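Accompanying notes for the structure given below.
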Amino acid sequence: MLNSRKIVRIFLGSPGDLEDERRVAKSVVDEFNGLWADTTGYQVELVGWEETVSGFGRPQAIINRDLERCEHFVGMVWKRWGTPPDKGGKFTSGFEEELTRSITSRKETGKPEVSLFFKEIDSDSQRDPGAQLRQVIALRDSIIAEKELYFETFATVAEFEPKIRRCVTRYIQQLQAADTKELPSEGRLQSSRDSEQQNFPASTAPSKTALSDEGTKFIHEFVAKTERALDSEPIEPIEVARFRLLGTIIGKPGNDEQPLGVHDANLIFISRSELELGRNEIVGMIRSGLEQYSYETAPLWFWVASVNGFTKNVLGFFSFVGSSAQNVGALSAMRLISEPLPYESEEQRNYTLNHWLAPDAAGPLKVAALAYLGDCGTDADIPAIKAELTRADYQTTDVATEAILRIRLRESCDAAIQSLNELQPRSISAGLLSDLFENGSPIADDLLLECLGHQSSGVRRRAVVLLKARGALDLETAGRLVTDGDAAVRFEALGSLVDRGEIFSDDEVRKILVRPSTATGLALLRGIDDDGEAYWTRFQIERWRRMTAGELEKVADKDSILDRAASFVLAERQFPVHGAKLRDSIDDQFKSEFTKELTRMEENEFSVNSGTVEKLKSLEEFLRKSRTREALDVVCRNGDPKDLGRVRKTLASGFVGYSETDIEYLRRFGKWEDIPLIVAAVEHPSNQRYTSLLSSVDDSRNHIVAHAIYEMGRSRLQDLLVLEMPGGLLLSLVAVCSDANFRALNEKAISLLLRSGNDRVRKVAALRCIRALPRERVRRLLADYVSGGRQYYYNVVHWLDMGISVPRERALAAAKKALARELRSWDRR
């Protein structure tokens with residue numbers, strides 16, 4: 001709560017036919033004062049003829065004196081124009097005099113602000129307007145023609161209420177933007193165990209001038225310095241940065257609304273202990289940090305802590321005040337540190353939501369507000385979110401849906417799945433799907449069965465897998481699902497039918513799983529249903545694995561170099577029998593087998609034409625690579641340490657593509673010297689014929705490899721981190737190592753990570769510092785990082801500042817959340 005309030009007078013002018021609207025305006029002002037006067041430091045006083053005290057003189061002149069004391073004129077007009085204030089005077093009504101005086105004063109002095117509302121006129125009245133209405137129409141036409149004054153229209157009292165509410169709120173925001181000294185703060189930066197404070201003084205009393213005392217003092221010194229010779233006393237970059245900061249503070253409407261740039265903001269942050277900044281300047285630094293928050297390059301957290309902002313909810317305050325970008329930045333920062341709304345009453349919370357989600361609010365603001373509510377909202381917020389959802393705004397539909405589902409998920413899985421079925425989102429993120437179905441056991445069967453009709457294929461996939469695992473997928477439902485549009489759903493339904501004794505021929509299975517292609521691009525040109533083909537291959541392999549040895553041998557006898565899948569299933573089952581031949585083929589890269597097959601086809605000239613033989617020759621490299629890859633998978637899954645040399649040699653040859661089986665084998669049996677081999681495998685393409693089914697594996701490849709090389713080299717983590725590797729892999733490696741091992745790294749090793757050329761590696765390293773290191777060590781790291789004239793990166797400063805300025809527990813939770821977001825694309829398995 002502020003110690004004092006600034007009175008803002010708004011004059012409400014209108015003829016006498018808008019009494020209901022005047023009462024609404026008064027109630028809106030009373031509402032604002034009750035909810036926000038303490039927080040903002042602004043008390044709104046509504047002035048009009050109702051409040052004018054009778055006195056000696058012309059009545060309109062007394063009203064005009066009240067008008068002159070007001071900063072904002074709000075005019076409303078409908079059908080009536082009013083009566084002349086004087087006999088023989090130049091004004092035809094008191095309203096005309098009030099409006100004219102306000103516009104004239106605005107042009108001459110810049111005050112008051114002028115807002116005008118016209119109530120819509122019915123068609124009958126417009127056909128026969130009469131003298132009063134003709135004056136109103138003439139005013140509106142002149143305003144449209146002159147294009148100097150913006151006005152709004154409304155049809156009903158209910159429509160007028162949100163418009164006058166926004167009018168009042170926005171005017172206060174403009175005052176806040178131009179007059180930052182009313183920010184709720186302690187005035188003097190105080191030392192705190194939980195934030196970095198280094199004897200950082202600030203004025204305790206609000207400044208009565210455009211700048212604080214500290215700012216004014218600096219300007220005098222700076223101007224004096226500019227008058228001296230540059231060679232004897234050059235101007236320093238930090239001085240220019242502060243000069244620019246002061247320029248952003250005293251800017252007025254009509255100036256560019258440009259916050260302090262990121263370079264200057266970092267210069268001031270780095271020099272903060274040497275500067276004496278006033279409160280206005282600190283607020284300017286907060287605005288700069290919020291304006292550029294999405295880039296994660298401008299310091300913010302220290303300045304918020306400097307005004308005790310984490311206990312006073314300064315970020316919530318800035319979600320209303322300032323530019324739209326600053327509002328968005330404040331909401332994003334609130335979401336990260338789980339800053340709650342400080343308002344206990346339902347009225348205050350509704351007022352907040354109505355501001356964020358107003359129909360004419362900027363799209364990015366609504367998106368940021370909905371994302372915040374998804375993480376921090378309650379059931380009470382859902383009606384406001386649904387109201388936004390009904391507007392069918394393409395910018396907000398997905399994020400509004402996700403907000404509702406995440407709020408309901410905090411209640412229970414069933415509640416969230418129920419809302420998922422009610423809302424029927426066509427698009428739903430992989431992360432949200434994982435969160436909804438990850439712990440599927442609590443979800444009721446009837447809700448999962450309802451999910452089978454969901455328009456999102458991702459939802460149907462998750463539901464059918466859970467129902468199949470429970471044995472809750474009945475024959476009728478499974479039979480219906482084999483015609484689903486998604487190959488994964490058809491595959492699971494088909495598997496359920498087979499488990500229940502239904503029999504399908506290979507032709508029937510292929511017809512179910514592989515559909516005429518609806519793909520685009522290269523897949524369309526090939527005429528291939530990649531998903532269907534992948535699941536058809538998987539179904540075949542699973543069927544073969546259930547066969548007896550005799551049955552499988554009959555199938556394998558039909559294999560050729562074109563397709564050895566059944567033979568490899570047999571070899572894996574009877575490895576002692578077939579292992580030696582398989583190893584020889586790997587060593588030979590299937591040259592002998594390919595030559596043998598080619599010779600057989602050439603000799604069988606009556607059943608194979610020459611064109612087929614030539615086509616086979618053209619496919620030699622692809623076929624040999626594919627068969628070598630599949631054979632090596634069998635050897636790796638067999639898990640014999642004696643094959644380590646063979647695996648090393650085959651991978652080093654570059655003849656085979658990436659496979660997770662190699663990584664797992666080398667994790668179990670490899671040595672330190674094998675780590676570069678694993679690292680190189682990350683960038684190898686896959687030899688799989690149909691890769692659509694493996695897309696999620698490819699997405700998580702860095703994560704899988706990082707776990708493997710970490711287990712192999714955790715005792716030499718510092719050496720491991722300096723090995724040459726792709727940025728995505730290094731990022732994952734930094735993320736997966738334990739807090740204890742990260743804590744054991746020396747300052748040089750951590751500094752190398754923080755100076756990486758990859759911005760995501762730097763970010764993850766900074767977040768790991770917050771999570772794993774004592775706060776005092778993080779403080780020293782930051783101080784060392786920006787000292788000595790060495791290159792440093794702004795995103796590291798941004799995140800380390802969060803670690804030492806935000807209260808400890810909240811900083812730890814925020815770092816964990818930021819890490820999860822950064823790594824989610826590698827953690828979807």
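Each chain in the structure tokens gets a letter, A, B, ..., in the order shown, and its residues are numbered from 1; ligands are numbered from 1 in order too.
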
* Asked: If we count only C-alpha atoms, what is near A:Thr311 at a cut-off of 10 Å, once residues fewer than 6 positions away on the same chain are taken out, given as a ChimeraX atom specification?
  -> /A:304-305,339,342,807

So which residues touch A:Phe539 within 9 Å, counting only C-alpha atoms, skipping near sequence neighbours fewer than 3 positions away, as a short mmCIF file (atom, residue, chain, number, x, y, z; two decimals) with all heavy atoms, in the first residue's frame?
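Final output, saved to part_14.cif:
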data_model
loop_
_atom_site.label_atom_id
_atom_site.label_comp_id
_atom_site.auth_asym_id
_atom_site.auth_seq_id
_atom_site.Cartn_x
_atom_site.Cartn_y
_atom_site.Cartn_z
N PHE A 491 -3.37 -49.72 -35.56
CA PHE A 491 -2.42 -50.76 -35.11
C PHE A 491 -2.79 -51.29 -33.73
O PHE A 491 -2.81 -52.51 -33.50
CB PHE A 491 -1.01 -50.16 -35.10
CG PHE A 491 0.03 -51.07 -34.52
CD1 PHE A 491 0.59 -52.08 -35.27
CD2 PHE A 491 0.46 -50.91 -33.21
CE1 PHE A 491 1.56 -52.92 -34.74
CE2 PHE A 491 1.42 -51.74 -32.66
CZ PHE A 491 1.97 -52.75 -33.43
N GLY A 495 -4.13 -55.02 -32.84
CA GLY A 495 -3.44 -55.85 -31.85
C GLY A 495 -4.38 -56.37 -30.79
O GLY A 495 -4.26 -57.52 -30.32
N VAL A 509 -4.23 -57.58 -42.91
CA VAL A 509 -3.53 -56.67 -42.01
C VAL A 509 -2.97 -55.48 -42.78
O VAL A 509 -3.11 -54.32 -42.38
CB VAL A 509 -2.41 -57.40 -41.26
CG1 VAL A 509 -1.54 -56.40 -40.48
CG2 VAL A 509 -2.98 -58.44 -40.31
N ALA A 534 5.19 -48.31 -41.72
CA ALA A 534 5.98 -48.55 -40.51
C ALA A 534 5.25 -49.48 -39.55
O ALA A 534 5.85 -50.40 -38.97
CB ALA A 534 6.30 -47.22 -39.83
N TYR A 535 3.96 -49.24 -39.37
CA TYR A 535 3.19 -50.10 -38.46
C TYR A 535 2.97 -51.49 -39.06
O TYR A 535 2.87 -52.48 -38.32
CB TYR A 535 1.86 -49.44 -38.09
CG TYR A 535 2.03 -48.41 -37.01
CD1 TYR A 535 1.94 -47.05 -37.31
CD2 TYR A 535 2.31 -48.77 -35.70
CE1 TYR A 535 2.11 -46.09 -36.33
CE2 TYR A 535 2.48 -47.82 -34.71
CZ TYR A 535 2.38 -46.48 -35.03
OH TYR A 535 2.57 -45.53 -34.05
N TRP A 536 2.87 -51.59 -40.36
CA TRP A 536 2.78 -52.91 -41.01
C TRP A 536 4.05 -53.71 -40.75
O TRP A 536 4.00 -54.90 -40.40
CB TRP A 536 2.53 -52.72 -42.51
CG TRP A 536 2.88 -53.89 -43.39
CD1 TRP A 536 3.73 -53.87 -44.44
CD2 TRP A 536 2.36 -55.22 -43.32
NE1 TRP A 536 3.81 -55.09 -45.02
CE2 TRP A 536 2.97 -55.96 -44.35
CE3 TRP A 536 1.48 -55.86 -42.47
CZ2 TRP A 536 2.71 -57.31 -44.57
CZ3 TRP A 536 1.21 -57.21 -42.69
CH2 TRP A 536 1.82 -57.92 -43.72
N GLU A 542 6.22 -58.47 -34.85
CA GLU A 542 5.59 -58.98 -33.64
C GLU A 542 4.90 -60.32 -33.89
O GLU A 542 4.92 -61.21 -33.04
CB GLU A 542 4.59 -57.94 -33.10
CG GLU A 542 5.26 -56.69 -32.55
CD GLU A 542 4.27 -55.74 -31.90
OE1 GLU A 542 3.07 -56.09 -31.80
OE2 GLU A 542 4.72 -54.65 -31.47
N ARG A 543 4.31 -60.49 -35.08
CA ARG A 543 3.67 -61.76 -35.42
C ARG A 543 4.72 -62.86 -35.52
O ARG A 543 4.52 -63.97 -35.03
CB ARG A 543 2.90 -61.62 -36.74
CG ARG A 543 2.38 -62.93 -37.30
CD ARG A 543 1.48 -62.71 -38.50
NE ARG A 543 0.12 -62.39 -38.08
CZ ARG A 543 -0.89 -62.22 -38.93
NH1 ARG A 543 -0.70 -62.31 -40.23
NH2 ARG A 543 -2.11 -61.94 -38.48
N TRP A 544 5.84 -62.56 -36.16
CA TRP A 544 6.90 -63.55 -36.29
C TRP A 544 7.46 -63.96 -34.93
O TRP A 544 7.79 -65.13 -34.71
CB TRP A 544 8.03 -63.02 -37.17
CG TRP A 544 7.63 -62.80 -38.60
CD1 TRP A 544 6.66 -63.47 -39.29
CD2 TRP A 544 8.18 -61.85 -39.50
NE1 TRP A 544 6.56 -62.99 -40.57
CE2 TRP A 544 7.49 -62.00 -40.74
CE3 TRP A 544 9.17 -60.88 -39.41
CZ2 TRP A 544 7.77 -61.21 -41.85
CZ3 TRP A 544 9.46 -60.10 -40.51
CH2 TRP A 544 8.77 -60.26 -41.72
#

* Asked: Leaving out stretch 209-223 of chain A and any residue of its chain fewer than 3 positions from it, which residues lie within 8 Å of it when counting only C-alpha atoms, given as number ranges by chain?
  -> A: 202-203, 206, 226-227, 239, 243, 246, 249-250, 276-281

* To do: Name all residues at most 8 Å from stretch 560-568 of chain A (count only C-alpha atoms; drop same-chain ones fewer than 3 positions away) and give them as a list of chain:residue names.
  => A:Ile541, A:Trp544, A:Leu552, A:Glu553, A:Val555, A:Ala556, A:Asp557, A:Ala571, A:Glu572, A:Glu593, A:Phe594, A:Glu597, A:Leu623, A:Arg627, A:Glu630, A:Ala631, A:Val634

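Checking A:Val74, A:Glu45, A:Leu494, A:Ala138 one by one against A:Ile512, counting only C-alpha atoms, you find the shortest gap at A:Leu494.
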
* Non-local contacts of A:Val761 (12 Å; only C-alpha atoms; under 4 positions in same chain excluded) as a PyMOL selection string -> chain A and resi 721+725-735+750-757+765-768+793+795-796+819+822-823

Now that the selection is made, can you save its residues with N, CA and C atoms as a PDB file, in the first residue's frame?
ATOM      1  N   LEU A 721      33.003 -32.591 -20.982  1.00  0.00           N
ATOM      2  CA  LEU A 721      32.345 -31.376 -21.431  1.00  0.00           C
ATOM      3  C   LEU A 721      33.151 -30.603 -22.474  1.00  0.00           C
ATOM      4  N   MET A 725      31.424 -31.694 -29.740  1.00  0.00           N
ATOM      5  CA  MET A 725      30.137 -32.342 -29.965  1.00  0.00           C
ATOM      6  C   MET A 725      29.123 -31.305 -30.419  1.00  0.00           C
ATOM      7  N   PRO A 726      28.042 -31.722 -31.063  1.00  0.00           N
ATOM      8  CA  PRO A 726      27.009 -30.776 -31.490  1.00  0.00           C
ATOM      9  C   PRO A 726      26.410 -30.036 -30.294  1.00  0.00           C
ATOM     10  N   GLY A 727      25.948 -28.805 -30.539  1.00  0.00           N
ATOM     11  CA  GLY A 727      25.403 -27.989 -29.457  1.00  0.00           C
ATOM     12  C   GLY A 727      24.222 -28.647 -28.761  1.00  0.00           C
ATOM     13  N   GLY A 728      23.345 -29.299 -29.533  1.00  0.00           N
ATOM     14  CA  GLY A 728      22.192 -29.950 -28.928  1.00  0.00           C
ATOM     15  C   GLY A 728      22.584 -31.063 -27.980  1.00  0.00           C
ATOM     16  N   LEU A 729      23.640 -31.791 -28.315  1.00  0.00           N
ATOM     17  CA  LEU A 729      24.105 -32.871 -27.451  1.00  0.00           C
ATOM     18  C   LEU A 729      24.752 -32.308 -26.192  1.00  0.00           C
ATOM     19  N   LEU A 730      25.565 -31.255 -26.341  1.00  0.00           N
ATOM     20  CA  LEU A 730      26.194 -30.640 -25.177  1.00  0.00           C
ATOM     21  C   LEU A 730      25.124 -30.088 -24.233  1.00  0.00           C
ATOM     22  N   LEU A 731      24.107 -29.476 -24.797  1.00  0.00           N
ATOM     23  CA  LEU A 731      23.006 -28.963 -23.992  1.00  0.00           C
ATOM     24  C   LEU A 731      22.367 -30.084 -23.175  1.00  0.00           C
ATOM     25  N   SER A 732      22.093 -31.211 -23.829  1.00  0.00           N
ATOM     26  CA  SER A 732      21.473 -32.345 -23.127  1.00  0.00           C
ATOM     27  C   SER A 732      22.399 -32.925 -22.074  1.00  0.00           C
ATOM     28  N   LEU A 733      23.680 -32.958 -22.373  1.00  0.00           N
ATOM     29  CA  LEU A 733      24.651 -33.491 -21.413  1.00  0.00           C
ATOM     30  C   LEU A 733      24.690 -32.632 -20.153  1.00  0.00           C
ATOM     31  N   VAL A 734      24.712 -31.325 -20.332  1.00  0.00           N
ATOM     32  CA  VAL A 734      24.705 -30.419 -19.179  1.00  0.00           C
ATOM     33  C   VAL A 734      23.426 -30.625 -18.364  1.00  0.00           C
ATOM     34  N   ALA A 735      22.335 -30.879 -19.065  1.00  0.00           N
ATOM     35  CA  ALA A 735      21.048 -31.026 -18.375  1.00  0.00           C
ATOM     36  C   ALA A 735      20.953 -32.326 -17.585  1.00  0.00           C
ATOM     37  N   ILE A 750      32.911 -24.360 -15.793  1.00  0.00           N
ATOM     38  CA  ILE A 750      31.595 -23.709 -15.849  1.00  0.00           C
ATOM     39  C   ILE A 750      31.660 -22.475 -16.738  1.00  0.00           C
ATOM     40  N   SER A 751      32.767 -21.723 -16.638  1.00  0.00           N
ATOM     41  CA  SER A 751      32.917 -20.523 -17.455  1.00  0.00           C
ATOM     42  C   SER A 751      32.912 -20.856 -18.943  1.00  0.00           C
ATOM     43  N   LEU A 752      33.531 -21.970 -19.309  1.00  0.00           N
ATOM     44  CA  LEU A 752      33.528 -22.374 -20.714  1.00  0.00           C
ATOM     45  C   LEU A 752      32.111 -22.636 -21.211  1.00  0.00           C
ATOM     46  N   LEU A 753      31.292 -23.233 -20.370  1.00  0.00           N
ATOM     47  CA  LEU A 753      29.897 -23.467 -20.741  1.00  0.00           C
ATOM     48  C   LEU A 753      29.140 -22.153 -20.877  1.00  0.00           C
ATOM     49  N   LEU A 754      29.400 -21.238 -19.951  1.00  0.00           N
ATOM     50  CA  LEU A 754      28.696 -19.953 -19.973  1.00  0.00           C
ATOM     51  C   LEU A 754      29.162 -19.054 -21.116  1.00  0.00           C
ATOM     52  N   ARG A 755      30.279 -19.389 -21.726  1.00  0.00           N
ATOM     53  CA  ARG A 755      30.783 -18.621 -22.866  1.00  0.00           C
ATOM     54  C   ARG A 755      30.665 -19.409 -24.174  1.00  0.00           C
ATOM     55  N   SER A 756      29.886 -20.472 -24.157  1.00  0.00           N
ATOM     56  CA  SER A 756      29.676 -21.279 -25.358  1.00  0.00           C
ATOM     57  C   SER A 756      29.082 -20.414 -26.468  1.00  0.00           C
ATOM     58  N   GLY A 757      29.401 -20.767 -27.700  1.00  0.00           N
ATOM     59  CA  GLY A 757      28.827 -20.053 -28.831  1.00  0.00           C
ATOM     60  C   GLY A 757      27.367 -20.391 -29.074  1.00  0.00           C
ATOM     61  N   ALA A 765      23.273 -24.048 -19.010  1.00  0.00           N
ATOM     62  CA  ALA A 765      24.363 -24.019 -18.036  1.00  0.00           C
ATOM     63  C   ALA A 765      24.067 -23.037 -16.913  1.00  0.00           C
ATOM     64  N   ALA A 766      23.539 -21.870 -17.252  1.00  0.00           N
ATOM     65  CA  ALA A 766      23.190 -20.882 -16.224  1.00  0.00           C
ATOM     66  C   ALA A 766      22.090 -21.417 -15.308  1.00  0.00           C
ATOM     67  N   LEU A 767      21.111 -22.086 -15.890  1.00  0.00           N
ATOM     68  CA  LEU A 767      20.034 -22.658 -15.081  1.00  0.00           C
ATOM     69  C   LEU A 767      20.552 -23.776 -14.175  1.00  0.00           C
ATOM     70  N   ARG A 768      21.507 -24.567 -14.686  1.00  0.00           N
ATOM     71  CA  ARG A 768      22.102 -25.602 -13.837  1.00  0.00           C
ATOM     72  C   ARG A 768      22.890 -24.976 -12.677  1.00  0.00           C
ATOM     73  N   TYR A 793      27.954 -12.890 -22.436  1.00  0.00           N
ATOM     74  CA  TYR A 793      26.683 -12.952 -23.162  1.00  0.00           C
ATOM     75  C   TYR A 793      25.547 -12.503 -22.259  1.00  0.00           C
ATOM     76  N   ASN A 795      22.349 -13.272 -22.218  1.00  0.00           N
ATOM     77  CA  ASN A 795      21.381 -14.215 -21.662  1.00  0.00           C
ATOM     78  C   ASN A 795      21.915 -14.882 -20.397  1.00  0.00           C
ATOM     79  N   VAL A 796      23.222 -15.030 -20.295  1.00  0.00           N
ATOM     80  CA  VAL A 796      23.810 -15.574 -19.066  1.00  0.00           C
ATOM     81  C   VAL A 796      23.600 -14.596 -17.914  1.00  0.00           C
ATOM     82  N   LEU A 819      14.261 -25.121 -17.298  1.00  0.00           N
ATOM     83  CA  LEU A 819      14.992 -26.265 -17.850  1.00  0.00           C
ATOM     84  C   LEU A 819      14.047 -27.242 -18.533  1.00  0.00           C
ATOM     85  N   GLU A 822      12.983 -25.936 -21.851  1.00  0.00           N
ATOM     86  CA  GLU A 822      14.077 -25.934 -22.818  1.00  0.00           C
ATOM     87  C   GLU A 822      14.350 -27.334 -23.358  1.00  0.00           C
ATOM     88  N   LEU A 823      14.152 -28.336 -22.527  1.00  0.00           N
ATOM     89  CA  LEU A 823      14.536 -29.700 -22.893  1.00  0.00           C
ATOM     90  C   LEU A 823      13.371 -30.564 -23.348  1.00  0.00           C
TER      91      LEU A 823
END

* Asked: Per DSSP on the backbone, what are the alpha helix (DSSP H) residues of stretch 530-682 of chain A, as a PyMOL selection string?
  -> chain A and resi 530-546+549-556+565-573+575-587+591-603+610-618+620-638+644-653+660-669+675-681

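The gap separating atom CA of A:Lys649 from atom CA of A:Arg668 is 17.0 Å, in Å to one decimal.
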
* Residues within 10 Å of A:Arg410, only C-alpha atoms, excluding chain neighbours under 3 positions, as a ChimeraX atom specification -> /A:374-379,405-407,413,415-416

Take the residues from that selection and write them out as a PDB file, in the first residue's frame, keeping all heavy atoms.
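Generated output (selection12.pdb):
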ATOM      1  N   GLY A 374      -2.746 -20.689 -17.215  1.00  0.00           N
ATOM      2  CA  GLY A 374      -2.554 -22.130 -17.333  1.00  0.00           C
ATOM      3  C   GLY A 374      -1.655 -22.680 -16.247  1.00  0.00           C
ATOM      4  O   GLY A 374      -1.864 -23.777 -15.743  1.00  0.00           O
ATOM      5  N   ASP A 375      -0.653 -21.897 -15.851  1.00  0.00           N
ATOM      6  CA  ASP A 375       0.282 -22.334 -14.805  1.00  0.00           C
ATOM      7  C   ASP A 375      -0.176 -21.937 -13.409  1.00  0.00           C
ATOM      8  O   ASP A 375       0.098 -22.656 -12.443  1.00  0.00           O
ATOM      9  CB  ASP A 375       1.672 -21.731 -15.052  1.00  0.00           C
ATOM     10  CG  ASP A 375       2.439 -22.480 -16.126  1.00  0.00           C
ATOM     11  OD1 ASP A 375       1.842 -23.364 -16.771  1.00  0.00           O
ATOM     12  OD2 ASP A 375       3.628 -22.170 -16.336  1.00  0.00           O
ATOM     13  N   CYS A 376      -0.840 -20.810 -13.280  1.00  0.00           N
ATOM     14  CA  CYS A 376      -1.121 -20.247 -11.955  1.00  0.00           C
ATOM     15  C   CYS A 376      -2.596 -19.965 -11.693  1.00  0.00           C
ATOM     16  O   CYS A 376      -2.930 -19.465 -10.616  1.00  0.00           O
ATOM     17  CB  CYS A 376      -0.327 -18.944 -11.768  1.00  0.00           C
ATOM     18  SG  CYS A 376       1.450 -19.097 -12.047  1.00  0.00           S
ATOM     19  N   GLY A 377      -3.464 -20.258 -12.651  1.00  0.00           N
ATOM     20  CA  GLY A 377      -4.876 -19.940 -12.492  1.00  0.00           C
ATOM     21  C   GLY A 377      -5.611 -20.935 -11.615  1.00  0.00           C
ATOM     22  O   GLY A 377      -5.085 -21.971 -11.215  1.00  0.00           O
ATOM     23  N   THR A 378      -6.875 -20.617 -11.331  1.00  0.00           N
ATOM     24  CA  THR A 378      -7.733 -21.467 -10.508  1.00  0.00           C
ATOM     25  C   THR A 378      -9.043 -21.729 -11.253  1.00  0.00           C
ATOM     26  O   THR A 378      -9.308 -21.135 -12.304  1.00  0.00           O
ATOM     27  CB  THR A 378      -8.047 -20.791  -9.162  1.00  0.00           C
ATOM     28  OG1 THR A 378      -8.890 -19.636  -9.397  1.00  0.00           O
ATOM     29  CG2 THR A 378      -6.767 -20.341  -8.463  1.00  0.00           C
ATOM     30  N   ASP A 379      -9.861 -22.596 -10.677  1.00  0.00           N
ATOM     31  CA  ASP A 379     -11.161 -22.892 -11.291  1.00  0.00           C
ATOM     32  C   ASP A 379     -11.993 -21.628 -11.475  1.00  0.00           C
ATOM     33  O   ASP A 379     -12.793 -21.532 -12.419  1.00  0.00           O
ATOM     34  CB  ASP A 379     -11.932 -23.883 -10.416  1.00  0.00           C
ATOM     35  CG  ASP A 379     -11.431 -25.311 -10.607  1.00  0.00           C
ATOM     36  OD1 ASP A 379     -10.675 -25.544 -11.562  1.00  0.00           O
ATOM     37  OD2 ASP A 379     -11.783 -26.184  -9.791  1.00  0.00           O
ATOM     38  N   LEU A 405      -7.347 -26.783 -19.543  1.00  0.00           N
ATOM     39  CA  LEU A 405      -6.970 -28.178 -19.264  1.00  0.00           C
ATOM     40  C   LEU A 405      -5.939 -28.267 -18.142  1.00  0.00           C
ATOM     41  O   LEU A 405      -6.001 -29.169 -17.296  1.00  0.00           O
ATOM     42  CB  LEU A 405      -6.440 -28.832 -20.537  1.00  0.00           C
ATOM     43  CG  LEU A 405      -7.462 -28.999 -21.668  1.00  0.00           C
ATOM     44  CD1 LEU A 405      -6.809 -29.587 -22.907  1.00  0.00           C
ATOM     45  CD2 LEU A 405      -8.626 -29.866 -21.227  1.00  0.00           C
ATOM     46  N   ARG A 406      -5.011 -27.325 -18.108  1.00  0.00           N
ATOM     47  CA  ARG A 406      -3.994 -27.375 -17.048  1.00  0.00           C
ATOM     48  C   ARG A 406      -4.594 -27.008 -15.691  1.00  0.00           C
ATOM     49  O   ARG A 406      -4.199 -27.571 -14.663  1.00  0.00           O
ATOM     50  CB  ARG A 406      -2.819 -26.462 -17.397  1.00  0.00           C
ATOM     51  CG  ARG A 406      -1.994 -26.997 -18.562  1.00  0.00           C
ATOM     52  CD  ARG A 406      -0.612 -26.386 -18.640  1.00  0.00           C
ATOM     53  NE  ARG A 406       0.185 -26.995 -19.693  1.00  0.00           N
ATOM     54  CZ  ARG A 406       0.828 -28.139 -19.604  1.00  0.00           C
ATOM     55  NH1 ARG A 406       0.774 -28.816 -18.460  1.00  0.00           N
ATOM     56  NH2 ARG A 406       1.532 -28.623 -20.596  1.00  0.00           N
ATOM     57  N   ILE A 407      -5.515 -26.069 -15.686  1.00  0.00           N
ATOM     58  CA  ILE A 407      -6.201 -25.746 -14.428  1.00  0.00           C
ATOM     59  C   ILE A 407      -6.971 -26.967 -13.932  1.00  0.00           C
ATOM     60  O   ILE A 407      -6.912 -27.325 -12.748  1.00  0.00           O
ATOM     61  CB  ILE A 407      -7.141 -24.546 -14.622  1.00  0.00           C
ATOM     62  CG1 ILE A 407      -6.319 -23.258 -14.827  1.00  0.00           C
ATOM     63  CG2 ILE A 407      -8.063 -24.375 -13.414  1.00  0.00           C
ATOM     64  CD1 ILE A 407      -7.151 -22.052 -15.223  1.00  0.00           C
ATOM     65  N   CYS A 413      -6.989 -35.835 -12.820  1.00  0.00           N
ATOM     66  CA  CYS A 413      -6.874 -36.315 -14.202  1.00  0.00           C
ATOM     67  C   CYS A 413      -8.253 -36.424 -14.849  1.00  0.00           C
ATOM     68  O   CYS A 413      -8.447 -36.031 -15.996  1.00  0.00           O
ATOM     69  CB  CYS A 413      -6.182 -37.676 -14.231  1.00  0.00           C
ATOM     70  SG  CYS A 413      -4.401 -37.621 -13.996  1.00  0.00           S
ATOM     71  N   ALA A 415     -10.979 -34.798 -14.203  1.00  0.00           N
ATOM     72  CA  ALA A 415     -11.529 -33.474 -14.507  1.00  0.00           C
ATOM     73  C   ALA A 415     -10.927 -32.924 -15.795  1.00  0.00           C
ATOM     74  O   ALA A 415     -11.628 -32.336 -16.630  1.00  0.00           O
ATOM     75  CB  ALA A 415     -11.277 -32.521 -13.349  1.00  0.00           C
ATOM     76  N   ALA A 416      -9.620 -33.120 -15.968  1.00  0.00           N
ATOM     77  CA  ALA A 416      -8.949 -32.617 -17.165  1.00  0.00           C
ATOM     78  C   ALA A 416      -9.410 -33.367 -18.412  1.00  0.00           C
ATOM     79  O   ALA A 416      -9.659 -32.747 -19.458  1.00  0.00           O
ATOM     80  CB  ALA A 416      -7.438 -32.738 -17.007  1.00  0.00           C
TER      81      ALA A 416
END

* To do: List the neighbours of A:Gln173 out to 8 Å using only C-alpha atoms; skip same-chain residues closer than 5 positions along the sequence, and give me the result as a list in words.
  =>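 Within the cut-off, the hits are Phe320, Val321 and Gly322 of chain A.
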